[in-house]
Structures are given as structure tokens and as C-alpha cells.
$ cat run_24.cif   # mmCIF, C-alpha atoms
data_upload
#
loop_
_atom_site.group_PDB
_atom_site.id
_atom_site.type_symbol
_atom_site.label_atom_id
_atom_site.label_comp_id
_atom_site.auth_asym_id
_atom_site.auth_seq_id
_atom_site.Cartn_x
_atom_site.Cartn_y
_atom_site.Cartn_z
ATOM 1 C CA MET A 20 97.382 108.632 55.300
ATOM 2 C CA ALA A 21 96.581 105.214 56.908
ATOM 3 C CA PRO A 22 93.729 103.197 55.388
ATOM 4 C CA ALA A 23 90.358 103.401 57.178
ATOM 5 C CA ALA A 24 90.540 99.726 58.179
ATOM 6 C CA ASN A 25 93.860 100.259 59.949
ATOM 7 C CA ILE A 26 92.543 103.351 61.772
ATOM 8 C CA SER A 27 89.496 101.378 62.934
ATOM 9 C CA HIS A 28 91.742 98.570 64.166
ATOM 10 C CA LEU A 29 93.933 101.008 66.133
ATOM 11 C CA LEU A 30 90.879 102.638 67.722
ATOM 12 C CA ASN A 31 89.630 99.240 68.849
ATOM 13 C CA ILE A 32 92.988 98.541 70.510
ATOM 14 C CA VAL A 33 92.884 101.910 72.292
ATOM 15 C CA VAL A 34 89.373 101.228 73.590
ATOM 16 C CA ILE A 35 90.383 97.767 74.832
ATOM 17 C CA LEU A 36 93.456 99.139 76.621
ATOM 18 C CA ALA A 37 91.475 101.985 78.185
ATOM 19 C CA THR A 38 88.802 99.575 79.389
ATOM 20 C CA PHE A 39 91.476 97.335 80.939
ATOM 21 C CA ALA A 40 93.131 100.303 82.685
ATOM 22 C CA ILE A 41 89.818 101.507 84.146
ATOM 23 C CA GLY A 42 88.917 98.024 85.304
ATOM 24 C CA THR A 43 92.234 97.368 87.042
ATOM 25 C CA SER A 44 92.365 100.816 88.674
ATOM 26 C CA THR A 45 89.138 100.128 90.556
ATOM 27 C CA VAL A 46 90.332 96.884 92.142
ATOM 28 C CA LYS A 47 90.280 97.353 95.905
ATOM 29 C CA PRO A 48 93.241 96.258 98.014
ATOM 30 C CA SER A 49 92.876 92.944 99.783
ATOM 31 C CA SER A 50 93.078 94.743 103.146
ATOM 32 C CA GLN A 51 89.528 95.939 102.507
ATOM 33 C CA PHE A 52 88.374 92.394 103.183
ATOM 34 C CA ALA A 53 89.990 91.924 106.603
ATOM 35 C CA ALA A 54 87.994 89.881 109.096
ATOM 36 C CA ALA A 55 85.467 91.779 111.193
ATOM 37 C CA PRO A 56 86.573 92.286 114.805
ATOM 38 C CA SER A 57 85.346 89.735 117.323
ATOM 39 C CA SER A 58 83.156 90.850 120.196
ATOM 40 C CA ALA A 59 86.013 90.116 122.602
ATOM 41 C CA ALA A 60 88.437 92.257 120.562
ATOM 42 C CA GLU A 61 85.992 95.154 120.454
ATOM 43 C CA ALA A 62 85.262 94.829 124.166
ATOM 44 C CA PHE A 63 88.995 94.995 124.905
ATOM 45 C CA LEU A 64 89.374 98.107 122.741
ATOM 46 C CA HIS A 65 86.386 99.749 124.455
ATOM 47 C CA SER A 66 87.761 98.967 127.898
ATOM 48 C CA ARG A 67 91.253 100.279 127.117
ATOM 49 C CA CYS A 68 90.040 103.435 125.382
ATOM 50 C CA GLY A 69 87.676 103.969 128.303
ATOM 51 C CA THR A 70 90.711 104.733 130.468
ATOM 52 C CA THR A 71 91.637 107.722 128.280
ATOM 53 C CA LYS A 72 90.239 111.256 128.127
ATOM 54 C CA TYR A 73 89.426 110.962 124.422
ATOM 55 C CA VAL A 74 87.445 107.752 124.239
ATOM 56 C CA SER A 75 85.933 108.105 120.768
ATOM 57 C CA VAL A 76 89.179 109.403 119.226
ATOM 58 C CA CYS A 77 91.041 106.462 120.740
ATOM 59 C CA TYR A 78 88.452 103.943 119.540
ATOM 60 C CA ASN A 79 88.310 105.274 115.971
ATOM 61 C CA ALA A 80 92.101 105.506 115.654
ATOM 62 C CA LEU A 81 92.767 101.977 116.917
ATOM 63 C CA LEU A 82 89.762 100.121 115.513
ATOM 64 C CA PRO A 83 91.547 99.227 112.220
ATOM 65 C CA PHE A 84 94.130 97.307 114.286
ATOM 66 C CA VAL A 85 91.734 95.712 116.789
ATOM 67 C CA ASN A 86 92.383 92.150 115.628
ATOM 68 C CA THR A 87 96.119 92.467 116.354
ATOM 69 C CA PHE A 88 95.863 93.252 120.074
ATOM 70 C CA ASN A 89 94.885 89.795 121.388
ATOM 71 C CA GLY A 90 94.062 91.290 124.759
ATOM 72 C CA SER A 91 97.595 92.660 125.193
ATOM 73 C CA GLN A 92 97.989 96.028 126.873
ATOM 74 C CA VAL A 93 101.489 96.278 125.429
ATOM 75 C CA LYS A 94 100.331 95.680 121.855
ATOM 76 C CA ILE A 95 97.533 98.249 121.992
ATOM 77 C CA SER A 96 99.980 100.729 123.564
ATOM 78 C CA SER A 97 102.480 100.043 120.787
ATOM 79 C CA VAL A 98 99.915 100.751 118.100
ATOM 80 C CA ALA A 99 98.710 103.905 119.859
ATOM 81 C CA THR A 100 102.299 105.125 120.125
ATOM 82 C CA SER A 101 102.934 104.343 116.465
ATOM 83 C CA VAL A 102 99.824 106.382 115.582
ATOM 84 C CA VAL A 103 101.308 109.319 117.495
ATOM 85 C CA PHE A 104 104.453 109.331 115.393
ATOM 86 C CA GLY A 105 102.426 109.002 112.209
ATOM 87 C CA LYS A 106 100.442 112.098 113.197
ATOM 88 C CA LEU A 107 103.631 113.980 114.019
ATOM 89 C CA ARG A 108 105.201 113.147 110.655
ATOM 90 C CA ALA A 109 102.102 114.415 108.850
ATOM 91 C CA PHE A 110 102.211 117.552 111.022
ATOM 92 C CA LEU A 111 105.853 118.149 110.138
ATOM 93 C CA VAL A 112 105.114 117.844 106.420
ATOM 94 C CA GLU A 113 102.382 120.474 106.739
ATOM 95 C CA LEU A 114 104.633 122.806 108.750
ATOM 96 C CA GLN A 115 107.317 122.553 106.087
ATOM 97 C CA ARG A 116 104.720 123.236 103.408
ATOM 98 C CA LEU A 117 103.639 126.386 105.265
ATOM 99 C CA GLN A 118 107.259 127.505 105.453
ATOM 100 C CA ALA A 119 107.741 126.961 101.724
ATOM 101 C CA ALA A 120 104.501 128.832 100.991
ATOM 102 C CA GLY A 121 105.798 132.025 102.604
ATOM 103 C CA GLY A 122 105.604 131.429 106.353
ATOM 104 C CA THR A 123 103.150 133.109 108.692
ATOM 105 C CA GLY A 124 102.861 136.369 106.803
ATOM 106 C CA THR A 125 103.283 138.231 110.085
ATOM 107 C CA GLY A 126 106.940 139.110 109.917
ATOM 108 C CA ARG A 127 110.229 137.855 111.297
ATOM 109 C CA ARG A 128 108.987 136.856 114.766
ATOM 110 C CA GLY A 129 106.144 134.853 113.301
ATOM 111 C CA ASP A 130 108.412 133.034 110.881
ATOM 112 C CA GLN A 131 110.862 132.324 113.670
ATOM 113 C CA ALA A 132 108.000 130.770 115.651
ATOM 114 C CA LEU A 133 107.119 128.583 112.682
ATOM 115 C CA GLY A 134 110.758 127.528 112.315
ATOM 116 C CA ALA A 135 110.973 126.748 116.030
ATOM 117 C CA CYS A 136 107.825 124.640 115.751
ATOM 118 C CA VAL A 137 109.348 122.680 112.866
ATOM 119 C CA HIS A 138 112.362 122.006 115.102
ATOM 120 C CA ASP A 139 110.171 121.023 118.079
ATOM 121 C CA VAL A 140 108.090 118.567 116.074
ATOM 122 C CA GLY A 141 111.217 117.097 114.505
ATOM 123 C CA MET A 142 112.661 116.529 117.972
ATOM 124 C CA GLY A 143 109.412 114.859 119.008
ATOM 125 C CA ILE A 144 109.620 112.490 116.046
ATOM 126 C CA ASP A 145 113.168 111.563 117.081
ATOM 127 C CA GLU A 146 111.706 110.015 120.242
ATOM 128 C CA GLU A 147 110.324 107.197 118.074
ATOM 129 C CA THR A 148 113.756 105.551 118.011
ATOM 130 C CA GLU A 149 113.585 105.334 121.803
ATOM 131 C CA ALA A 150 109.916 104.513 122.440
ATOM 132 C CA MET A 151 109.214 101.814 119.852
ATOM 133 C CA PRO A 152 112.219 99.538 120.595
ATOM 134 C CA TYR A 153 111.395 99.589 124.315
ATOM 135 C CA LEU A 154 107.782 98.708 123.567
ATOM 136 C CA ARG A 155 109.067 95.725 121.608
ATOM 137 C CA VAL A 156 111.185 94.770 124.630
ATOM 138 C CA LEU A 157 107.997 94.716 126.711
ATOM 139 C CA GLU A 158 106.562 92.123 124.318
ATOM 140 C CA THR A 159 109.468 89.749 124.950
ATOM 141 C CA PRO A 160 108.185 86.455 126.405
ATOM 142 C CA GLY A 161 109.507 85.766 129.891
ATOM 143 C CA ILE A 162 111.038 89.213 130.321
ATOM 144 C CA SER A 163 112.248 89.837 133.869
ATOM 145 C CA LYS A 164 110.347 92.265 136.049
ATOM 146 C CA GLU A 165 113.413 94.484 136.357
ATOM 147 C CA LYS A 166 113.899 94.735 132.575
ATOM 148 C CA ALA A 167 110.183 95.330 132.072
ATOM 149 C CA LYS A 168 110.155 98.205 134.567
ATOM 150 C CA HIS A 169 113.202 99.747 132.907
ATOM 151 C CA ALA A 170 111.636 99.492 129.446
ATOM 152 C CA LEU A 171 108.305 100.851 130.640
ATOM 153 C CA PHE A 172 110.003 103.821 132.301
ATOM 154 C CA ASN A 173 111.840 104.644 129.075
ATOM 155 C CA VAL A 174 108.663 104.407 126.993
ATOM 156 C CA GLN A 175 106.831 106.760 129.337
ATOM 157 C CA SER A 176 109.768 109.172 129.349
ATOM 158 C CA SER A 177 109.905 109.204 125.544
ATOM 159 C CA ILE A 178 106.200 109.861 125.080
ATOM 160 C CA SER A 179 106.309 112.545 127.785
ATOM 161 C CA GLY A 180 109.169 114.104 125.835
ATOM 162 C CA VAL A 181 107.014 114.121 122.719
ATOM 163 C CA ALA A 182 104.298 115.918 124.680
ATOM 164 C CA SER A 183 106.801 118.546 125.830
ATOM 165 C CA PHE A 184 108.053 119.214 122.308
ATOM 166 C CA SER A 185 104.483 119.463 121.035
ATOM 167 C CA GLU A 186 103.493 121.952 123.742
ATOM 168 C CA SER A 187 106.595 123.995 122.909
ATOM 169 C CA CYS A 188 105.168 124.523 119.442
ATOM 170 C CA ILE A 189 102.157 126.371 120.847
ATOM 171 C CA GLU A 190 104.397 128.324 123.215
ATOM 172 C CA ASP A 191 106.507 129.454 120.259
ATOM 173 C CA PHE A 192 103.448 131.045 118.670
ATOM 174 C CA VAL A 193 102.196 132.537 121.938
ATOM 175 C CA ASP A 194 105.595 134.154 122.469
ATOM 176 C CA ALA A 195 105.502 135.578 118.931
ATOM 177 C CA GLY A 196 102.488 137.712 119.876
ATOM 178 C CA ASP A 197 98.765 137.964 119.234
ATOM 179 C CA VAL A 198 99.141 138.902 115.572
ATOM 180 C CA THR A 199 101.003 135.696 114.780
ATOM 181 C CA LEU A 200 98.886 133.576 117.105
ATOM 182 C CA GLY A 201 95.681 134.899 115.545
ATOM 183 C CA SER A 202 96.867 134.642 111.949
ATOM 184 C CA PRO A 203 95.502 131.887 109.657
ATOM 185 C CA VAL A 204 98.811 130.039 109.899
ATOM 186 C CA GLY A 205 98.957 130.494 113.670
ATOM 187 C CA LYS A 206 95.428 129.168 114.143
ATOM 188 C CA LYS A 207 96.150 126.198 111.886
ATOM 189 C CA VAL A 208 99.361 125.302 113.706
ATOM 190 C CA VAL A 209 97.692 125.531 117.117
ATOM 191 C CA ALA A 210 94.766 123.374 115.941
ATOM 192 C CA MET A 211 97.088 120.743 114.467
ATOM 193 C CA THR A 212 99.217 120.741 117.615
ATOM 194 C CA ARG A 213 96.172 120.187 119.808
ATOM 195 C CA ASN A 214 95.052 117.384 117.523
ATOM 196 C CA CYS A 215 98.436 115.667 117.916
ATOM 197 C CA ASN A 216 98.271 116.241 121.659
ATOM 198 C CA MET A 217 95.081 114.168 121.874
ATOM 199 C CA TYR A 218 96.843 111.138 120.404
ATOM 200 C CA ILE A 219 99.873 111.711 122.628
ATOM 201 C CA ASP A 220 97.603 111.805 125.674
ATOM 202 C CA ILE A 221 95.886 108.583 124.563
ATOM 203 C CA ALA A 222 99.226 106.808 124.185
ATOM 204 C CA LEU A 223 100.384 108.035 127.591
ATOM 205 C CA HIS A 224 97.222 106.732 129.273
ATOM 206 C CA LEU A 225 97.445 103.343 127.564
ATOM 207 C CA VAL A 226 101.123 102.934 128.416
ATOM 208 C CA ALA A 227 100.433 103.922 132.023
ATOM 209 C CA SER A 228 97.858 101.099 132.247
ATOM 210 C CA ILE A 229 100.410 98.395 131.339
ATOM 211 C CA LYS A 230 100.730 95.932 134.192
ATOM 212 C CA MET A 231 103.965 93.975 134.301
#
$ encode --input "run_24.cif" --output "C-alpha cells"
Amino acid sequence: MAPAANISHLLNIVVILATFAIGTSTVKPSSQFAAAPSSAAEAFLHSRCGTTKYVSVCYNALLPFVNTFNGSQVKISSVATSVVFGKLRAFLVELQRLQAAGGTGTGRRGDQALGACVHDVGMGIDEETEAMPYLRVLETPGISKEKAKHALFNVQSSISGVASFSESCIEDFVDAGDVTLGSPVGKKVVAMTRNCNMYIDIALHLVASIKM
């Protein structure tokens, strides 16, 4: 058995280490201390979100990035579009979790609807590789009007494609019947789809307001 003095010394070390761990785990990331938005930045965000159907959703989603816009319609559209794909990825993770947890619980047709929705959302996410590069093209200094129009058209087409894939998810559950649509999983999927659709609609409105 170790002497009492040694045990006391070891306990002191444990307490010191535990105190250090607790102290360091509560340190907040430096991003917490970002500069407050200027009145001009907030006014720009208010004006842009005011063109959408979901003003408060738009404002709350984009406020953390308000200092990066610098009055640029392209930059705020890029962030809004990036938010869309972030929401879709989170949606896909939840859909896959529901699949792994046993599906809809309403039989083969319901589970097929869930699988189709997973496919639809995945296809929507694939549009990111088209939309985001073209948005970056629109930020190119001195871009020609012809190239800008081409890029803008492709961005709008991509986001519209995302909207179509998202709507298909709801249609999959409607086609599966009332039992599946009214099930807990069905209601959750429809609610999450509609939530994503709000952000898609916001991005579409902001992109449509870009003047080249």
C-alpha cells in the first residue's frame, strides 16, 4: 500500500489537472467576440431580406454574416445559398437516421417514400457544385455582362432545381397515402422539407434581385 503522503500528493495532482481541464473547456471561441454589425450593414440586410417572403427567417439566418456583405447583392446571395445547402445536408442526415431507426413504420410504400426522399435531397445537395462556383464567378471584378448573365442564369437554374427536388420529397409521401403522410415520420419529414423550402425561397429571391 502507498504511504499516506504519496496518496495525498497524487490527489493534489488530480485536483489540479481537473481544475485545469474545467477551466480550459469553458474558454469561448474567438468568434464570439466578432465586431458588432454597423448600422449600414444592418440596413442592407434589412433591405435585402425585405424582398423575400420570409423576412425574419432571412434576417436571423444571415445576421451572423452581416459584416461580410459590404453592400454586395452577390455576396449576400452566396451566403443565403450556402445556408440552403447546409440545411439540406442536415436534413439528409436526419432522413438517414430515420431509415436506420426502422423507417416510417407504415409498411413498404412508406419506406419507399422515405428512400425516395433521401434520393431527392441528395440530388438537391448535388446542385451545390453548380450553384456556388457560378456565384463566385459573379464576384469576379470586371466580369463581362455576357458572362455575368450566363452565370446568373445557371445559379437560378440550380437553386430552382433544388426546390424541385425538395418538393418531390413531399410528393413522395403524399403518393404513399394518408397513413404514411400522417405518421410521426411523415409529419416530421414534411415539416423539415417545408423548413428547407423557406431557405430555398429566400435564396431564390435574393439571387433574382442581383443587378449586373
$ resolve_selection --input "run_24.cif" --expression "the PyMOL selection byres ((chain A and resi 220) around 12)" --output "number ranges by chain"
A: 68, 70-74, 76-77, 96, 99-100, 102-103, 175, 178-183, 185-186, 213-219, 221-227
$ residues_around --input "run_24.cif" --residues "Val112 of chain A" --least-positions-apart "5" --cutoff "12 Å" --atoms "only C-alpha atoms" --output "PDB file with C-alpha atoms, keeping the file's coordinate frame"
ATOM      1  CA  GLY A 105     102.426 109.002 112.209  1.00  0.00           C
ATOM      2  CA  LYS A 106     100.442 112.098 113.197  1.00  0.00           C
ATOM      3  CA  LEU A 107     103.631 113.980 114.019  1.00  0.00           C
ATOM      4  CA  LEU A 117     103.639 126.386 105.265  1.00  0.00           C
ATOM      5  CA  GLN A 118     107.259 127.505 105.453  1.00  0.00           C
ATOM      6  CA  ALA A 119     107.741 126.961 101.724  1.00  0.00           C
ATOM      7  CA  CYS A 136     107.825 124.640 115.751  1.00  0.00           C
ATOM      8  CA  VAL A 137     109.348 122.680 112.866  1.00  0.00           C
ATOM      9  CA  VAL A 140     108.090 118.567 116.074  1.00  0.00           C
ATOM     10  CA  GLY A 141     111.217 117.097 114.505  1.00  0.00           C
ATOM     11  CA  ILE A 144     109.620 112.490 116.046  1.00  0.00           C
ATOM     12  CA  VAL A 208      99.361 125.302 113.706  1.00  0.00           C
ATOM     13  CA  MET A 211      97.088 120.743 114.467  1.00  0.00           C
TER      14      MET A 211
END
$ closest_residue --input "run_24.cif" --among "A:Met231, A:Leu82, A:Ala195, A:Asn89" --to "Ala167 of chain A" --atoms "all atoms listed in the file"
A:Met231
$ residues_around --input "run_24.cif" --residues "Asn173 of chain A" --least-positions-apart "4" --cutoff "9 Å" --atoms "only C-alpha atoms" --output "number ranges by chain"
A: 149-150, 153, 168-169, 177-178
$ write_last_selection --input "run_24.cif" --atoms "C-alpha atoms" --output "PDB file, keeping the file's coordinate frame"
ATOM      1  CA  GLU A 149     113.585 105.334 121.803  1.00  0.00           C
ATOM      2  CA  ALA A 150     109.916 104.513 122.440  1.00  0.00           C
ATOM      3  CA  TYR A 153     111.395  99.589 124.315  1.00  0.00           C
ATOM      4  CA  LYS A 168     110.155  98.205 134.567  1.00  0.00           C
ATOM      5  CA  HIS A 169     113.202  99.747 132.907  1.00  0.00           C
ATOM      6  CA  SER A 177     109.905 109.204 125.544  1.00  0.00           C
ATOM      7  CA  ILE A 178     106.200 109.861 125.080  1.00  0.00           C
TER       8      ILE A 178
END
$ resolve_selection --input "run_24.cif" --expression "the PyMOL selection byres ((chain A and resi 154) around 8)" --output "tab-separated table (two decimals) with C-alpha atoms, in the coordinates of the input"
chain	number	residue	atom	x	y	z
A	93	VAL	CA	101.49	96.28	125.43
A	97	SER	CA	102.48	100.04	120.79
A	150	ALA	CA	109.92	104.51	122.44
A	151	MET	CA	109.21	101.81	119.85
A	152	PRO	CA	112.22	99.54	120.60
A	153	TYR	CA	111.40	99.59	124.32
A	155	ARG	CA	109.07	95.72	121.61
A	156	VAL	CA	111.18	94.77	124.63
A	157	LEU	CA	108.00	94.72	126.71
A	158	GLU	CA	106.56	92.12	124.32
A	170	ALA	CA	111.64	99.49	129.45
A	171	LEU	CA	108.30	100.85	130.64
A	174	VAL	CA	108.66	104.41	126.99
$ closest_residue --input "run_24.cif" --among "A:Gly69, A:Gly126, A:Gly143, A:Gly201" --to "Arg108 of chain A" --atoms "only C-alpha atoms"
A:Gly143
$ build_atoms --input "run_24.cif" --residues "segment 79-106 of chain A" --atoms "N, CA and C atoms" --output "PDB file, in the coordinates of the input"
ATOM      1  N   ASN A  79      88.274 105.147 117.434  1.00  0.00           N
ATOM      2  CA  ASN A  79      88.310 105.274 115.971  1.00  0.00           C
ATOM      3  C   ASN A  79      89.718 105.114 115.406  1.00  0.00           C
ATOM      4  N   ALA A  80      90.720 105.601 116.139  1.00  0.00           N
ATOM      5  CA  ALA A  80      92.101 105.506 115.654  1.00  0.00           C
ATOM      6  C   ALA A  80      92.626 104.074 115.695  1.00  0.00           C
ATOM      7  N   LEU A  81      92.203 103.313 116.708  1.00  0.00           N
ATOM      8  CA  LEU A  81      92.767 101.977 116.917  1.00  0.00           C
ATOM      9  C   LEU A  81      91.897 100.850 116.376  1.00  0.00           C
ATOM     10  N   LEU A  82      90.668 101.156 116.018  1.00  0.00           N
ATOM     11  CA  LEU A  82      89.762 100.121 115.513  1.00  0.00           C
ATOM     12  C   LEU A  82      90.333  99.342 114.321  1.00  0.00           C
ATOM     13  N   PRO A  83      91.009  99.998 113.357  1.00  0.00           N
ATOM     14  CA  PRO A  83      91.547  99.227 112.220  1.00  0.00           C
ATOM     15  C   PRO A  83      92.554  98.149 112.622  1.00  0.00           C
ATOM     16  N   PHE A  84      93.099  98.248 113.838  1.00  0.00           N
ATOM     17  CA  PHE A  84      94.130  97.307 114.286  1.00  0.00           C
ATOM     18  C   PHE A  84      93.622  96.357 115.373  1.00  0.00           C
ATOM     19  N   VAL A  85      92.307  96.390 115.619  1.00  0.00           N
ATOM     20  CA  VAL A  85      91.734  95.712 116.789  1.00  0.00           C
ATOM     21  C   VAL A  85      92.044  94.221 116.823  1.00  0.00           C
ATOM     22  N   ASN A  86      92.139  93.595 115.664  1.00  0.00           N
ATOM     23  CA  ASN A  86      92.383  92.150 115.628  1.00  0.00           C
ATOM     24  C   ASN A  86      93.829  91.769 115.939  1.00  0.00           C
ATOM     25  N   THR A  87      94.699  92.761 116.081  1.00  0.00           N
ATOM     26  CA  THR A  87      96.119  92.467 116.354  1.00  0.00           C
ATOM     27  C   THR A  87      96.458  92.539 117.838  1.00  0.00           C
ATOM     28  N   PHE A  88      95.541  93.007 118.669  1.00  0.00           N
ATOM     29  CA  PHE A  88      95.863  93.252 120.074  1.00  0.00           C
ATOM     30  C   PHE A  88      95.883  91.973 120.918  1.00  0.00           C
ATOM     31  N   ASN A  89      94.960  91.078 120.647  1.00  0.00           N
ATOM     32  CA  ASN A  89      94.885  89.795 121.388  1.00  0.00           C
ATOM     33  C   ASN A  89      94.874  89.996 122.900  1.00  0.00           C
ATOM     34  N   GLY A  90      94.179  91.043 123.326  1.00  0.00           N
ATOM     35  CA  GLY A  90      94.062  91.290 124.759  1.00  0.00           C
ATOM     36  C   GLY A  90      95.326  91.788 125.422  1.00  0.00           C
ATOM     37  N   SER A  91      96.308  92.218 124.638  1.00  0.00           N
ATOM     38  CA  SER A  91      97.595  92.660 125.193  1.00  0.00           C
ATOM     39  C   SER A  91      97.624  94.172 125.373  1.00  0.00           C
ATOM     40  N   GLN A  92      97.870  94.600 126.593  1.00  0.00           N
ATOM     41  CA  GLN A  92      97.989  96.028 126.873  1.00  0.00           C
ATOM     42  C   GLN A  92      99.234  96.610 126.207  1.00  0.00           C
ATOM     43  N   VAL A  93     100.263  95.808 126.072  1.00  0.00           N
ATOM     44  CA  VAL A  93     101.489  96.278 125.429  1.00  0.00           C
ATOM     45  C   VAL A  93     101.251  96.496 123.937  1.00  0.00           C
ATOM     46  N   LYS A  94     100.559  95.560 123.289  1.00  0.00           N
ATOM     47  CA  LYS A  94     100.331  95.680 121.855  1.00  0.00           C
ATOM     48  C   LYS A  94      99.450  96.876 121.512  1.00  0.00           C
ATOM     49  N   ILE A  95      98.401  97.097 122.280  1.00  0.00           N
ATOM     50  CA  ILE A  95      97.533  98.249 121.992  1.00  0.00           C
ATOM     51  C   ILE A  95      98.288  99.552 122.271  1.00  0.00           C
ATOM     52  N   SER A  96      99.163  99.542 123.267  1.00  0.00           N
ATOM     53  CA  SER A  96      99.980 100.729 123.564  1.00  0.00           C
ATOM     54  C   SER A  96     100.980 100.986 122.447  1.00  0.00           C
ATOM     55  N   SER A  97     101.530  99.907 121.885  1.00  0.00           N
ATOM     56  CA  SER A  97     102.480 100.043 120.787  1.00  0.00           C
ATOM     57  C   SER A  97     101.830 100.661 119.568  1.00  0.00           C
ATOM     58  N   VAL A  98     100.626 100.208 119.256  1.00  0.00           N
ATOM     59  CA  VAL A  98      99.915 100.751 118.100  1.00  0.00           C
ATOM     60  C   VAL A  98      99.551 102.213 118.346  1.00  0.00           C
ATOM     61  N   ALA A  99      99.071 102.524 119.537  1.00  0.00           N
ATOM     62  CA  ALA A  99      98.710 103.905 119.859  1.00  0.00           C
ATOM     63  C   ALA A  99      99.923 104.821 119.764  1.00  0.00           C
ATOM     64  N   THR A 100     101.068 104.334 120.200  1.00  0.00           N
ATOM     65  CA  THR A 100     102.299 105.125 120.125  1.00  0.00           C
ATOM     66  C   THR A 100     102.740 105.302 118.679  1.00  0.00           C
ATOM     67  N   SER A 101     102.601 104.253 117.892  1.00  0.00           N
ATOM     68  CA  SER A 101     102.934 104.343 116.465  1.00  0.00           C
ATOM     69  C   SER A 101     102.034 105.355 115.761  1.00  0.00           C
ATOM     70  N   VAL A 102     100.758 105.399 116.148  1.00  0.00           N
ATOM     71  CA  VAL A 102      99.824 106.382 115.582  1.00  0.00           C
ATOM     72  C   VAL A 102     100.302 107.800 115.891  1.00  0.00           C
ATOM     73  N   VAL A 103     100.790 108.002 117.100  1.00  0.00           N
ATOM     74  CA  VAL A 103     101.308 109.319 117.495  1.00  0.00           C
ATOM     75  C   VAL A 103     102.388 109.786 116.525  1.00  0.00           C
ATOM     76  N   PHE A 104     103.343 108.925 116.251  1.00  0.00           N
ATOM     77  CA  PHE A 104     104.453 109.331 115.393  1.00  0.00           C
ATOM     78  C   PHE A 104     104.002 109.514 113.944  1.00  0.00           C
ATOM     79  N   GLY A 105     103.001 108.774 113.529  1.00  0.00           N
ATOM     80  CA  GLY A 105     102.426 109.002 112.209  1.00  0.00           C
ATOM     81  C   GLY A 105     101.784 110.373 112.107  1.00  0.00           C
ATOM     82  N   LYS A 106     101.064 110.768 113.160  1.00  0.00           N
ATOM     83  CA  LYS A 106     100.442 112.098 113.197  1.00  0.00           C
ATOM     84  C   LYS A 106     101.505 113.195 113.197  1.00  0.00           C
TER      85      LYS A 106
END
